[in-house]
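Next comes entry.txt, a file with compact mmCIF, C-alpha atoms and all ligand atoms.
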# COMPACT_ATOMS: atom_id res chain seq x y z
CA MET A 1 -54.38 10.50 -26.38
CA PRO A 2 -54.61 9.31 -22.74
CA THR A 3 -54.04 11.79 -19.94
CA LEU A 4 -51.90 11.26 -16.85
CA THR A 5 -54.99 10.60 -14.77
CA ASP A 6 -56.36 7.82 -16.97
CA PRO A 7 -56.24 4.25 -15.61
CA TRP A 8 -54.21 1.60 -17.43
CA LYS A 9 -53.11 -2.00 -17.13
CA LEU A 10 -49.69 -3.52 -16.75
CA GLY A 11 -49.73 -7.27 -17.39
CA GLY A 12 -53.29 -7.50 -16.10
CA VAL A 13 -52.65 -5.33 -13.02
CA SER A 14 -54.99 -2.31 -12.90
CA ILE A 15 -53.25 0.97 -12.21
CA PRO A 16 -55.38 4.02 -11.42
CA ASN A 17 -53.21 6.66 -13.12
CA ARG A 18 -50.00 7.10 -15.08
CA VAL A 19 -47.78 8.78 -12.52
CA VAL A 20 -45.31 6.29 -11.07
CA LEU A 21 -42.61 6.47 -8.41
CA ALA A 22 -39.32 5.36 -10.05
CA PRO A 23 -36.95 2.88 -8.42
CA LEU A 24 -34.43 4.76 -6.25
CA ALA A 25 -31.62 2.77 -4.61
CA GLY A 26 -31.18 3.47 -0.91
CA ILE A 27 -34.38 5.54 -0.93
CA GLY A 28 -37.44 3.72 -2.32
CA ASN A 29 -38.34 1.69 0.76
CA TRP A 30 -41.90 0.99 1.93
CA PHE A 31 -42.48 4.33 3.60
CA VAL A 32 -41.10 6.46 0.75
CA ARG A 33 -43.36 4.46 -1.56
CA LEU A 34 -46.29 4.84 0.82
CA GLN A 35 -45.68 8.58 0.91
CA ALA A 36 -45.82 8.74 -2.90
CA LYS A 37 -49.03 6.74 -2.76
CA ARG A 38 -50.57 9.11 -0.20
CA TYR A 39 -49.98 11.94 -2.66
CA GLY A 40 -51.51 10.10 -5.59
CA ALA A 41 -48.91 7.88 -7.31
CA GLY A 42 -50.68 5.22 -9.37
CA LEU A 43 -47.86 2.70 -9.03
CA VAL A 44 -44.73 2.65 -6.88
CA VAL A 45 -41.50 0.79 -7.67
CA SER A 46 -39.08 -0.33 -4.98
CA GLU A 47 -35.41 0.45 -4.82
CA MET A 48 -33.32 -2.23 -6.53
CA VAL A 49 -32.81 -5.30 -4.40
CA SER A 50 -30.06 -7.87 -4.93
CA SER A 51 -31.42 -11.19 -6.18
CA PHE A 52 -28.41 -12.87 -4.52
CA ALA A 53 -29.19 -11.33 -1.15
CA VAL A 54 -32.80 -12.49 -1.41
CA HIS A 55 -31.88 -15.96 -2.68
CA TYR A 56 -29.38 -16.47 0.14
CA ARG A 57 -31.91 -15.12 2.65
CA ASN A 58 -29.85 -12.17 3.80
CA GLU A 59 -31.75 -11.31 6.95
CA ARG A 60 -31.64 -7.53 6.70
CA THR A 61 -32.43 -7.47 2.97
CA CYS A 62 -35.44 -9.72 3.37
CA ARG A 63 -36.75 -7.99 6.49
CA GLU A 64 -36.21 -4.41 5.39
CA LEU A 65 -36.21 -4.31 1.58
CA LEU A 66 -38.93 -6.85 0.90
CA ARG A 67 -41.27 -5.18 3.35
CA ILE A 68 -44.49 -4.02 1.71
CA HIS A 69 -47.07 -1.86 3.47
CA PRO A 70 -50.70 -2.95 2.95
CA ASP A 71 -51.64 0.51 1.59
CA GLU A 72 -48.95 0.65 -1.11
CA HIS A 73 -50.59 -1.54 -3.72
CA PRO A 74 -50.15 -1.82 -6.61
CA VAL A 75 -46.43 -2.10 -5.95
CA SER A 76 -43.61 -3.27 -8.19
CA MET A 77 -40.46 -4.70 -6.60
CA GLN A 78 -37.22 -4.29 -8.54
CA LEU A 79 -34.53 -6.99 -8.51
CA PHE A 80 -31.08 -6.95 -10.05
CA GLY A 81 -28.92 -9.93 -10.91
CA ALA A 82 -27.49 -11.90 -13.80
CA ASP A 83 -27.94 -15.52 -12.71
CA PRO A 84 -31.22 -16.99 -13.97
CA ASP A 85 -31.54 -19.66 -11.24
CA VAL A 86 -30.84 -17.17 -8.49
CA MET A 87 -33.30 -14.77 -10.11
CA ALA A 88 -36.04 -17.41 -10.23
CA SER A 89 -35.59 -18.14 -6.53
CA ALA A 90 -35.51 -14.44 -5.56
CA ALA A 91 -38.53 -13.75 -7.74
CA GLU A 92 -40.49 -16.40 -5.88
CA ARG A 93 -39.71 -14.63 -2.59
CA VAL A 94 -40.73 -11.27 -4.02
CA ALA A 95 -44.09 -12.71 -5.06
CA ALA A 96 -44.51 -14.26 -1.59
CA ALA A 97 -43.76 -10.84 -0.06
CA GLY A 98 -46.85 -9.52 -1.86
CA ALA A 99 -45.53 -7.65 -4.91
CA ASP A 100 -47.99 -7.06 -7.76
CA VAL A 101 -45.33 -6.63 -10.46
CA LEU A 102 -41.67 -7.63 -10.68
CA ASP A 103 -39.30 -5.14 -12.30
CA LEU A 104 -35.80 -6.11 -13.46
CA ASN A 105 -32.93 -3.66 -13.42
CA MET A 106 -31.04 -3.69 -16.72
CA GLY A 107 -29.98 -0.07 -16.63
CA CYS A 108 -27.88 0.56 -13.53
CA PRO A 109 -24.44 1.81 -14.66
CA VAL A 110 -22.77 1.57 -11.22
CA PRO A 111 -19.55 -0.54 -11.49
CA LYS A 112 -20.37 -2.54 -8.33
CA VAL A 113 -23.52 -3.82 -10.08
CA CYS A 114 -22.17 -4.07 -13.66
CA LYS A 115 -19.09 -6.06 -12.71
CA THR A 116 -21.38 -8.87 -11.55
CA GLY A 117 -22.91 -8.91 -15.05
CA ALA A 118 -26.14 -7.27 -13.80
CA GLY A 119 -27.70 -3.83 -14.42
CA ALA A 120 -26.62 -2.13 -17.65
CA ALA A 121 -24.05 -4.91 -18.27
CA LEU A 122 -26.98 -7.05 -19.43
CA LEU A 123 -27.33 -4.78 -22.48
CA GLU A 124 -24.17 -6.52 -23.75
CA ASP A 125 -25.47 -10.02 -23.15
CA GLU A 126 -28.88 -10.39 -24.77
CA ASP A 127 -29.16 -14.15 -24.27
CA ARG A 128 -28.50 -13.87 -20.55
CA ALA A 129 -30.89 -10.93 -20.23
CA LEU A 130 -33.64 -13.00 -21.83
CA GLU A 131 -32.89 -15.96 -19.55
CA VAL A 132 -33.00 -13.73 -16.49
CA ALA A 133 -36.35 -12.26 -17.56
CA ARG A 134 -37.87 -15.70 -18.26
CA ALA A 135 -36.58 -16.99 -14.92
CA ALA A 136 -38.12 -14.02 -13.10
CA ALA A 137 -41.52 -14.73 -14.65
CA ARG A 138 -41.25 -18.46 -13.97
CA GLY A 139 -40.20 -17.95 -10.34
CA SER A 140 -42.70 -15.26 -9.45
CA GLY A 141 -45.73 -15.92 -11.62
CA LEU A 142 -46.02 -12.11 -11.74
CA PRO A 143 -46.03 -9.72 -14.69
CA VAL A 144 -42.37 -8.87 -15.30
CA THR A 145 -41.17 -5.48 -16.52
CA VAL A 146 -37.64 -4.37 -17.31
CA LYS A 147 -35.98 -0.98 -16.80
CA LEU A 148 -33.33 -0.21 -19.39
CA ARG A 149 -30.97 2.47 -20.62
CA SER A 150 -30.99 3.30 -24.33
CA GLY A 151 -27.42 2.00 -24.67
CA LEU A 152 -24.02 1.85 -23.04
CA HIS A 153 -22.43 4.86 -24.73
CA ALA A 154 -23.31 7.65 -27.16
CA GLY A 155 -24.87 6.28 -30.36
CA ASP A 156 -25.32 2.80 -28.90
CA LEU A 157 -28.94 1.62 -29.16
CA ARG A 158 -28.55 -1.85 -27.69
CA GLY A 159 -31.08 -0.98 -24.98
CA LEU A 160 -33.79 -0.47 -27.59
CA ARG A 161 -32.89 -3.72 -29.34
CA LEU A 162 -32.95 -5.59 -26.05
CA ALA A 163 -36.35 -4.07 -25.20
CA ARG A 164 -37.75 -5.54 -28.43
CA ALA A 165 -36.19 -8.94 -27.78
CA LEU A 166 -37.47 -9.01 -24.20
CA MET A 167 -40.98 -8.33 -25.40
CA GLU A 168 -40.89 -10.80 -28.31
CA ARG A 169 -38.90 -13.63 -26.73
CA ALA A 170 -39.29 -13.30 -22.96
CA ASP A 171 -42.87 -12.05 -22.91
CA VAL A 172 -42.24 -9.05 -20.63
CA ALA A 173 -45.35 -7.08 -19.71
CA GLY A 174 -43.80 -3.64 -20.05
CA VAL A 175 -40.57 -1.71 -20.48
CA SER A 176 -39.28 1.37 -18.66
CA ILE A 177 -36.74 3.29 -20.65
CA HIS A 178 -34.31 5.90 -19.36
CA PRO A 179 -33.06 7.40 -22.63
CA ARG A 180 -29.63 8.45 -21.44
CA HIS A 181 -26.81 6.05 -22.26
CA ALA A 182 -25.19 4.32 -19.29
CA SER A 183 -21.93 6.27 -19.50
CA GLN A 184 -23.91 9.49 -18.97
CA GLY A 185 -24.98 8.39 -15.51
CA HIS A 186 -27.80 10.78 -14.65
CA ARG A 187 -26.39 13.75 -16.56
CA GLY A 188 -27.31 15.21 -19.93
CA VAL A 189 -30.55 15.65 -21.79
CA PRO A 190 -32.70 12.51 -22.16
CA ASN A 191 -33.45 11.62 -25.77
CA TYR A 192 -37.23 11.33 -25.77
CA ASP A 193 -37.27 10.57 -29.53
CA LEU A 194 -35.87 7.16 -28.66
CA VAL A 195 -38.75 6.56 -26.28
CA ARG A 196 -41.22 7.66 -28.95
CA SER A 197 -39.78 5.12 -31.40
CA LEU A 198 -40.09 2.34 -28.85
CA VAL A 199 -43.66 3.37 -28.01
CA ASP A 200 -44.54 3.23 -31.72
CA GLU A 201 -43.02 -0.19 -32.07
CA LEU A 202 -43.88 -2.18 -28.95
CA PRO A 203 -47.38 -3.47 -28.21
CA VAL A 204 -46.72 -3.45 -24.44
CA PRO A 205 -46.72 -0.35 -22.19
CA VAL A 206 -43.53 1.73 -22.37
CA LEU A 207 -42.77 3.93 -19.36
CA VAL A 208 -40.52 6.97 -19.69
CA SER A 209 -37.86 7.98 -17.16
CA GLY A 210 -35.34 10.80 -17.10
CA GLY A 211 -35.44 14.56 -16.65
CA LEU A 212 -38.90 14.54 -15.05
CA HIS A 213 -38.29 17.05 -12.29
CA THR A 214 -41.17 19.50 -12.66
CA ALA A 215 -44.83 19.11 -13.57
CA GLU A 216 -44.21 20.92 -16.84
CA GLN A 217 -41.31 18.62 -17.79
CA VAL A 218 -43.45 15.60 -16.97
CA ARG A 219 -46.39 16.78 -19.07
CA CYS A 220 -44.12 17.64 -22.02
CA ALA A 221 -42.30 14.28 -21.93
CA PHE A 222 -45.58 12.38 -21.60
CA ALA A 223 -47.01 14.18 -24.63
CA ALA A 224 -43.81 14.00 -26.71
CA THR A 225 -43.16 10.29 -26.14
CA GLY A 226 -46.71 8.89 -26.02
CA ALA A 227 -45.48 6.72 -23.13
CA ALA A 228 -48.02 4.76 -21.11
CA ALA A 229 -46.74 6.30 -17.86
CA VAL A 230 -44.04 8.54 -16.36
CA LEU A 231 -41.50 7.59 -13.71
CA LEU A 232 -40.73 10.33 -11.18
CA ALA A 233 -37.23 9.97 -9.75
CA ARG A 234 -35.10 12.91 -8.54
CA GLY A 235 -38.04 15.25 -9.01
CA SER A 236 -39.88 13.36 -6.28
CA LEU A 237 -37.14 13.54 -3.64
CA GLY A 238 -38.64 15.34 -0.66
CA ASN A 239 -41.36 16.44 -3.04
CA PRO A 240 -44.39 14.16 -2.84
CA TRP A 241 -46.42 17.25 -3.81
CA LEU A 242 -45.29 16.65 -7.39
CA PHE A 243 -47.55 13.58 -7.50
CA ALA A 244 -50.54 15.61 -6.28
CA GLN A 245 -49.74 18.36 -8.77
CA LEU A 246 -49.88 15.89 -11.65
CA VAL A 247 -52.71 13.68 -10.45
CA GLU A 248 -55.02 16.20 -8.80
CA GLY A 249 -53.99 19.23 -10.81
CA THR A 250 -53.18 21.19 -7.63
CA ASP A 251 -50.65 23.87 -8.27
CA THR A 252 -50.02 25.36 -4.88
CA ARG A 253 -46.70 25.00 -3.15
CA PRO A 254 -46.76 23.34 0.25
CA SER A 255 -46.55 25.72 3.21
CA ALA A 256 -43.63 25.53 5.65
CA GLU A 257 -45.95 23.79 8.12
CA GLN A 258 -46.87 21.15 5.56
CA VAL A 259 -43.24 20.51 4.63
CA LEU A 260 -42.24 20.19 8.29
CA ALA A 261 -45.17 17.90 9.04
CA GLU A 262 -44.24 15.70 6.08
CA LEU A 263 -40.63 15.52 7.22
CA ASP A 264 -41.90 14.44 10.65
CA TRP A 265 -43.98 11.73 8.98
CA VAL A 266 -40.82 10.43 7.28
CA ILE A 267 -38.71 10.67 10.46
CA GLU A 268 -41.27 8.72 12.49
CA ARG A 269 -41.34 5.88 9.98
CA ALA A 270 -37.57 5.80 9.53
CA VAL A 271 -37.14 5.46 13.30
CA ALA A 272 -39.80 2.74 13.49
CA HIS A 273 -38.21 0.92 10.54
CA LEU A 274 -34.51 1.21 11.38
CA GLY A 275 -34.28 2.18 15.05
CA ALA A 276 -33.11 5.60 16.25
CA GLU A 277 -29.39 5.12 15.62
CA ARG A 278 -29.56 3.88 12.05
CA ALA A 279 -32.40 6.28 11.25
CA THR A 280 -30.22 9.22 12.36
CA ARG A 281 -27.67 8.32 9.69
CA TYR A 282 -30.21 7.25 7.08
CA LEU A 283 -32.20 10.46 7.32
CA ARG A 284 -29.20 12.68 6.55
CA LYS A 285 -29.82 12.37 2.83
CA PHE A 286 -33.46 13.41 3.27
CA TYR A 287 -32.86 16.74 5.04
CA PRO A 288 -31.45 18.72 2.06
CA TRP A 289 -34.50 17.77 -0.03
CA TYR A 290 -36.97 19.07 2.55
CA LEU A 291 -34.83 22.12 3.21
CA GLU A 292 -35.00 22.92 -0.49
CA ARG A 293 -38.81 22.84 -0.29
CA LEU A 294 -38.74 25.12 2.76
CA LEU A 295 -36.51 27.59 0.93
CA GLU A 296 -38.80 27.44 -2.07
CA GLU A 297 -41.68 28.29 0.22
CA ARG A 298 -39.70 31.29 1.46
CA ILE A 299 -39.09 32.41 -2.10
CA SER A 300 -42.81 32.52 -2.70
CA SER A 301 -43.48 34.42 0.53
CA ALA A 302 -40.90 37.18 0.97
CA GLU A 303 -37.54 38.39 -0.28
CA ALA A 304 -35.72 39.20 2.97
CA PRO A 305 -36.22 35.82 4.64
CA ARG A 306 -35.09 34.15 1.44
CA LEU A 307 -31.77 35.98 1.53
CA HIS A 308 -31.35 35.06 5.15
CA ALA A 309 -32.20 31.43 4.49
CA ARG A 310 -29.80 31.20 1.54
CA ARG A 311 -26.98 32.68 3.66
CA THR A 312 -27.47 30.12 6.39
CA GLU A 313 -28.20 27.17 4.08
CA GLY A 314 -24.60 25.97 3.72
CA LYS A 315 -23.95 26.02 7.45
CA LEU A 316 -27.25 24.36 8.17
CA LEU A 317 -26.64 21.57 5.66
CA ALA A 318 -23.26 20.86 7.23
CA ALA A 319 -24.75 20.84 10.73
CA LEU A 320 -27.50 18.45 9.62
CA GLN A 321 -24.92 15.98 8.30
CA THR A 322 -23.15 15.85 11.65
CA ALA A 323 -26.13 16.11 14.02
CA SER A 324 -25.75 13.31 16.55
CA THR A 325 -29.46 12.47 16.77
CA PHE A 326 -32.47 12.89 14.50
CA HIS A 327 -34.01 15.02 17.28
CA SER A 328 -31.21 17.55 16.99
CA ALA A 329 -31.37 17.55 13.16
CA ARG A 330 -35.11 18.14 13.33
CA ALA A 331 -34.66 20.96 15.85
CA LEU A 332 -32.03 22.62 13.62
CA ILE A 333 -34.43 22.72 10.68
CA ARG A 334 -37.28 24.08 12.77
CA GLU A 335 -35.04 26.65 14.33
CA ALA A 336 -33.90 27.82 10.90
CA VAL A 337 -37.49 28.18 9.73
CA ALA A 338 -38.55 30.05 12.84
CA LEU A 339 -35.45 32.30 12.60
CA ASP A 340 -36.61 33.49 9.24
CA GLY A 341 -39.53 35.11 10.96
CA ALA A 342 -42.05 33.38 8.74
CA THR A 343 -44.92 31.29 10.01
CA GLU A 344 -44.10 29.60 13.28
CA PRO A 345 -44.16 25.86 12.64
CA ALA A 346 -46.66 23.81 14.56
CA LEU A 347 -44.26 21.82 16.73
CA LEU A 348 -45.04 18.16 16.98
CA ASP A 349 -43.74 15.88 19.69
CA ALA A 350 -39.94 15.71 19.71
C1 LIG B 401 -30.26 8.18 -6.12
C2 LIG B 401 -30.76 7.39 -7.29
C3 LIG B 401 -31.01 6.05 -7.15
C4 LIG B 401 -31.48 5.30 -8.25
N1 LIG B 401 -31.74 3.99 -8.07
C5 LIG B 401 -32.25 3.25 -9.09
C6 LIG B 401 -32.60 1.89 -8.90
O1 LIG B 401 -32.47 1.33 -7.81
N2 LIG B 401 -33.08 1.22 -9.99
C7 LIG B 401 -33.25 1.81 -11.22
O2 LIG B 401 -33.71 1.16 -12.15
N3 LIG B 401 -32.97 3.11 -11.40
C8 LIG B 401 -32.48 3.84 -10.37
N4 LIG B 401 -32.23 5.17 -10.55
C9 LIG B 401 -32.57 5.81 -11.82
C10 LIG B 401 -33.93 6.51 -11.70
O3 LIG B 401 -34.98 5.57 -11.50
C11 LIG B 401 -34.23 7.35 -12.95
O4 LIG B 401 -34.26 6.51 -14.07
C12 LIG B 401 -33.16 8.44 -13.17
O5 LIG B 401 -32.92 9.15 -11.97
C13 LIG B 401 -33.58 9.41 -14.27
O6 LIG B 401 -34.70 10.15 -13.88
P1 LIG B 401 -34.58 11.70 -13.41
O7 LIG B 401 -33.66 12.39 -14.38
O8 LIG B 401 -36.01 12.19 -13.49
O9 LIG B 401 -34.04 11.67 -12.02
C14 LIG B 401 -31.71 5.92 -9.49
C15 LIG B 401 -31.45 7.28 -9.62
C16 LIG B 401 -30.99 8.01 -8.55
C17 LIG B 401 -30.74 9.49 -8.72

Written as structure tokens, how would this file's structure read?
Amino acid sequence: MPTLTDPWKLGGVSIPNRVVLAPLAGIGNWFVRLQAKRYGAGLVVSEMVSSFAVHYRNERTCRELLRIHPDEHPVSMQLFGADPDVMASAAERVAAAGADVLDLNMGCPVPKVCKTGAGAALLEDEDRALEVARAAARGSGLPVTVKLRSGLHAGDLRGLRLARALMERADVAGVSIHPRHASQGHRGVPNYDLVRSLVDELPVPVLVSGGLHTAEQVRCAFAATGAAAVLLARGSLGNPWLFAQLVEGTDTRPSAEQVLAELDWVIERAVAHLGAERATRYLRKFYPWYLERLLEERISSAEAPRLHARRTEGKLLAALQTASTFHSARALIREAVALDGATEPALLDA
């Protein structure tokens, strides 16, 4: 039985361990991936990128979403789309951008994606799904993987059937499976037995996704499914320490200073990537994740500050969503931490 820290190969690409950053739309850009890498992720997968936008050279998509940092490798870029010719063209661009692996989204249940025939809608159209996968390999020359749901609704196992077909008839290098059906969205308990059956059947690496929010959940799912690797999704939001916990075996919670320093690292890169105005809006989704870590830190340190922090959390979250600059949002968080009377954060340049 391999362990999470064992190296493995995906279509000839060497990957140093089995802890992978999952694709996260609107989140998994180059610096979020780089952050996961800094904390030990063996492989990082990009947020899903529209094959149409890449094919038609949408300026912002190509400049921002196809950007790869030199220290991220190995990196997998995820595309979505249902037109094989468009996919081949987009795949070529993704390879030129420097991706090591190309991942195809065949699991997204969002109507905006499915109504174009892409994402989970491809579970209903096996022939098209196979054409799209072949086109992606032809266009990119890269190992192609596919991320799937188990099915569209309860009891539907079309995702598993498609996984087999993709391996046998489109030569995919690996399959990521999120064993919740598409109509569940991200709710409900993932059915790891389904992953186990796919692992037993397919000769290519099977990666497991779903419900991997704590180190214990990750270790249990890895053992129960026999998957080649685990995909950390919501569990990794504002929590790169989860990678270190799994890869290095560290089990200490980050201190308030470490959480604040990490948030500053993210803010700096968001501003450099998007400019101050767009970064101010973009970062709003990040603050609650880091705040959660800071409150966790409180919980481990003392009871009274925790109660204080919990009381002010709602107000603080609202204020962070309306802060007019990232400077003011950052100051609000630091002020809240200092108010709790815990360790004074080491203030970095504002
Ligand atoms: C905000 C968000 C964005 C996501 N974006 C993508 C995506 O772009 N591509 C994809 O294949 N899956 C996407 N997913 C699904 C995740 O990769 C993962 O399969 C899912 O969250 C289940 O894992 P979890 O329960 O550990 O969070 C997204 C999930 C969330 C919560």

Report task. List all protein, DNA and RNA residues that have any atom at most 10 Å from ligand LIG 401 (chain B), counting all atoms listed in the file, and write the list as an MDAnalysis selection string. Result -> chainID A and resid 21:28 45:50 78:80 103:110 119:120 146:149 176:180 185:190 208:214 217:218 230:237 285

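With distances restricted to only C-alpha atoms, A:Gly141 is the closest residue to Ala96 of chain A from A:Glu64, A:Gly141, A:Ala336, A:His153.
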
Query raised in the report: What is the atom CA of Ala82 of chain A-atom CA of Val199 of chain A distance in Å, reported with one decimal?
Result: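 Answer for the atom CA of Ala82 of chain A to atom CA of Val199 of chain A separation: 26.4 Å.
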
Requested in this report: Rank nothing, just name the residue among A:Leu316, A:Ala223, A:Val247, A:Ala272 nearest to Ser328 of chain A, using all atoms listed in the file.
Outcome: A:Leu316

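Contact shell of Asp125 of chain A at 12 Å (only C-alpha atoms; same-chain neighbours under 5 positions omitted): A:Ala82, A:Met106, A:Cys114, A:Gly117, A:Ala118, A:Gly119, A:Ala120, A:Leu130, A:Glu131, A:Val132, A:Leu152, A:Arg158, A:Gly159, A:Arg161, A:Leu162, A:Ala165.
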
List as a Markdown table every residue of segment 227-316 of chain A that is in contact with segment 1-10 of chain A, defined as an atom at most 12 Å from one of its atoms (using all atoms listed in the file), together with the nearest atom pair and the distance in Å rounded to one decimal, sorted by chain and then rising number.
| residue | atom | partner | partner_atom | distance |
| --- | --- | --- | --- | --- |
| A:Ala227 | CA | A:Pro2 | CA | 9.5 |
| A:Ala228 | CA | A:Trp8 | CA | 7.9 |
| A:Ala229 | CA | A:Leu4 | CA | 7.2 |
| A:Val230 | CA | A:Leu4 | CA | 8.3 |
| A:Leu231 | CA | A:Leu4 | CA | 11.5 |
| A:Phe243 | CA | A:Leu4 | CA | 10.6 |
| A:Ala244 | CA | A:Thr5 | CA | 10.8 |
| A:Gln245 | CA | A:Leu4 | CA | 11.0 |
| A:Leu246 | CA | A:Leu4 | CA | 7.2 |
| A:Val247 | CA | A:Thr5 | CA | 5.8 |
| A:Glu248 | CA | A:Thr5 | CA | 8.2 |
| A:Gly249 | CA | A:Thr5 | CA | 9.5 |

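Residues in contact range of Val172 of chain A, defined as at most 6 Å between only C-alpha atoms, with sequence neighbours fewer than 3 positions away removed, read Val144, Thr145, Leu166 and Met167 of chain A.
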
Using the selection just defined, write its residues with C-alpha atoms as a PDB file, in the coordinates of the input.
ATOM      1  CA  VAL A 144     -42.370  -8.870 -15.300  1.00  0.00           C
ATOM      2  CA  THR A 145     -41.170  -5.480 -16.520  1.00  0.00           C
ATOM      3  CA  LEU A 166     -37.470  -9.010 -24.200  1.00  0.00           C
ATOM      4  CA  MET A 167     -40.980  -8.330 -25.400  1.00  0.00           C
TER       5      MET A 167
END

Report task. Tell me which of A:Ala154, A:Leu283, A:Leu102, A:Val44 sits closest to Ala323 of chain A, counting all atoms listed in the file. Result ->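 The shortest atom-to-atom distance to Ala323 of chain A comes from A:Leu283.
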
**Report entry** Straight-line distance linking atom CA of Arg293 of chain A with atom CA of Gly40 of chain A, stated in Å to one decimal
**Finding:**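 Atom CA of Gly40 of chain A lies at a distance of 18.8 Å from atom CA of Arg293 of chain A.
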
Query raised in the report: Using all atoms listed in the file, which of the listed residues (A:Ala36, A:Glu124, A:Thr61, A:Val75) sits closest to Ser14 of chain A?
Result: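 Between A:Ala36, A:Glu124, A:Thr61, A:Val75, the residue approaching Ser14 of chain A most closely is A:Val75.
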
Report task. Considering all atoms listed in the file, return as number ranges by chain whatever protein or nucleic-acid residues lie within 8 Å of Val204 of chain A, sequence-local ones (same chain, fewer than 3 positions apart) excluded. Result -> A: 167, 173-175

Report task. Just give me the gap between atom CA of Leu123 of chain A and atom CA of His181 of chain A in Å, one decimal is fine. Result ->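 Rounded to one decimal, the two atoms are 10.8 Å apart.
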
Query - Local residues around (-47.4, 5.6, -29.6), at most 8 Å away, using only C-alpha atoms, as a PyMOL selection string - result: chain A and resi 196-197+199-201+225-227

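Closest approach to Asn58 of chain A among A:Gly275, A:Ala90, A:Tyr287, A:Gln184: A:Ala90, based on all atoms listed in the file.
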
Report task. Point out the residue among A:Lys115, A:Arg67, A:Arg138, A:His327 with the least atom-to-atom distance to Ala91 of chain A, counting only C-alpha atoms. Result -> A:Arg138

Could segment 264-277 of chain A be completed with N, CA and C atoms and written as a tab-separated table (two decimals), keeping the file's coordinate frame, please?
chain	number	residue	atom	x	y	z
A	264	ASP	N	-41.64	15.19	9.41
A	264	ASP	CA	-41.90	14.44	10.65
A	264	ASP	C	-42.49	13.07	10.36
A	265	TRP	N	-43.36	13.01	9.37
A	265	TRP	CA	-43.98	11.73	8.98
A	265	TRP	C	-42.88	10.75	8.54
A	266	VAL	N	-41.93	11.27	7.77
A	266	VAL	CA	-40.82	10.43	7.28
A	266	VAL	C	-39.94	10.01	8.46
A	267	ILE	N	-39.59	10.97	9.32
A	267	ILE	CA	-38.71	10.67	10.46
A	267	ILE	C	-39.33	9.57	11.32
A	268	GLU	N	-40.60	9.72	11.63
A	268	GLU	CA	-41.27	8.72	12.49
A	268	GLU	C	-41.16	7.32	11.90
A	269	ARG	N	-41.38	7.22	10.61
A	269	ARG	CA	-41.34	5.88	9.98
A	269	ARG	C	-39.91	5.35	9.86
A	270	ALA	N	-38.97	6.24	9.61
A	270	ALA	CA	-37.57	5.80	9.53
A	270	ALA	C	-37.13	5.25	10.88
A	271	VAL	N	-37.53	5.91	11.95
A	271	VAL	CA	-37.14	5.46	13.30
A	271	VAL	C	-37.82	4.12	13.60
A	272	ALA	N	-39.09	4.00	13.24
A	272	ALA	CA	-39.80	2.74	13.49
A	272	ALA	C	-39.17	1.61	12.66
A	273	HIS	N	-38.73	1.94	11.46
A	273	HIS	CA	-38.21	0.92	10.54
A	273	HIS	C	-36.77	0.50	10.89
A	274	LEU	N	-35.95	1.48	11.25
A	274	LEU	CA	-34.51	1.21	11.38
A	274	LEU	C	-33.98	1.33	12.81
A	275	GLY	N	-34.78	1.86	13.71
A	275	GLY	CA	-34.28	2.18	15.05
A	275	GLY	C	-33.62	3.55	15.01
A	276	ALA	N	-33.54	4.19	16.20
A	276	ALA	CA	-33.11	5.60	16.25
A	276	ALA	C	-31.70	5.80	15.69
A	277	GLU	N	-30.78	4.90	16.00
A	277	GLU	CA	-29.39	5.12	15.62
A	277	GLU	C	-29.19	5.05	14.10
